[in-house]
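Working notes, beginning with the structure itself.
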Amino acid sequence: MKKWKERLRQNPVIHLYFSDAKLRAFLSLLGSFALNFLYALWEIFCGLYYQSYWFITLGFYYILLTLIRLMLLREARDRGRAEKRAEGDAGPAAFCCF
């Protein structure tokens, strides 16, 4: 089992995922956002198909959770951009003024 872990950690993408907590949190949030959205659509579809207010209500509840996760994703993205600007890595847009 330890050999598998060592071999996986030698992969640069997997090593980056496990070593960067912000990236890991962002990707986990992105995955849960996608699953919540798909589940909300499924619940609404079932509610319409079976004409059940219960399923429709659950679908709108999961849409609300999806919107909350979307706000968290936007906040994480904006915070990451602000940190890069604070570090001095403004990117190509910084050279437009010169």
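For the structure tokens, the naming scheme is as follows: chains receive sequential letters (A, B, ...) according to their order of presentation, residues are indexed from 1 within each chain, and ligands are indexed from 1 in presentation order.
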Residues within 12 Å of Ile68 (chain A), only C-alpha atoms, excluding chain neighbours under 3 positions, as a ChimeraX atom specification: /A:29-30,32-33,36-37,61-65,71-75
Output as a PyMOL selection string all residues of chain A that backbone DSSP marks as alpha helix (DSSP H). chain A and resi 2-10+12-19+21-50+53-87
With only C-alpha atoms as the atoms that count, which of A:Phe60, A:Lys5, A:Arg79, A:Cys46 lies nearest to Lys22 (chain A)?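 Nearest to Lys22 (chain A): A:Arg79.
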Write out as a list of chain:residue names each polymer residue whose atoms come within 12 Å of Arg24 (chain A), counting only C-alpha atoms; drop sequence neighbours fewer than 6 positions from it.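 Listed by chain and then number, they are A:Val13, A:Ile14, A:His15, A:Leu16, A:Tyr17, A:Phe18, A:Leu30, A:Gly31, A:Ala76.
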Closest of A:Ala86, A:Leu38, A:Leu70, A:Ile44 to Thr57 (chain A) - atom-to-atom distances counting only C-alpha atoms: A:Ile44
Pick from A:Asp78, A:Lys84, A:Lys2, A:Thr66, whichever lies nearest to Leu35 (chain A) using only C-alpha atoms: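 Smallest distance to Leu35 (chain A) is found for A:Thr66.
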For a test of reading the model, state the distance in Å between CA of Ser52 (chain A) and CA of Ala40 (chain A), rounded to one decimal.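 Spanning CA of Ser52 (chain A) to CA of Ala40 (chain A) is a straight-line distance of 14.3 Å.
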Looking at A:Leu23, A:Gly59, A:Tyr53, A:Ser28, which one is nearest to Gly80 (chain A), with distances taken over only C-alpha atoms?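 Answer, going by the shortest atom-to-atom distance: A:Leu23.
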Could you tell me how far CA of Arg77 (chain A) sits from CA of Ala25 (chain A), in Å to one decimal place? 11.5 Å
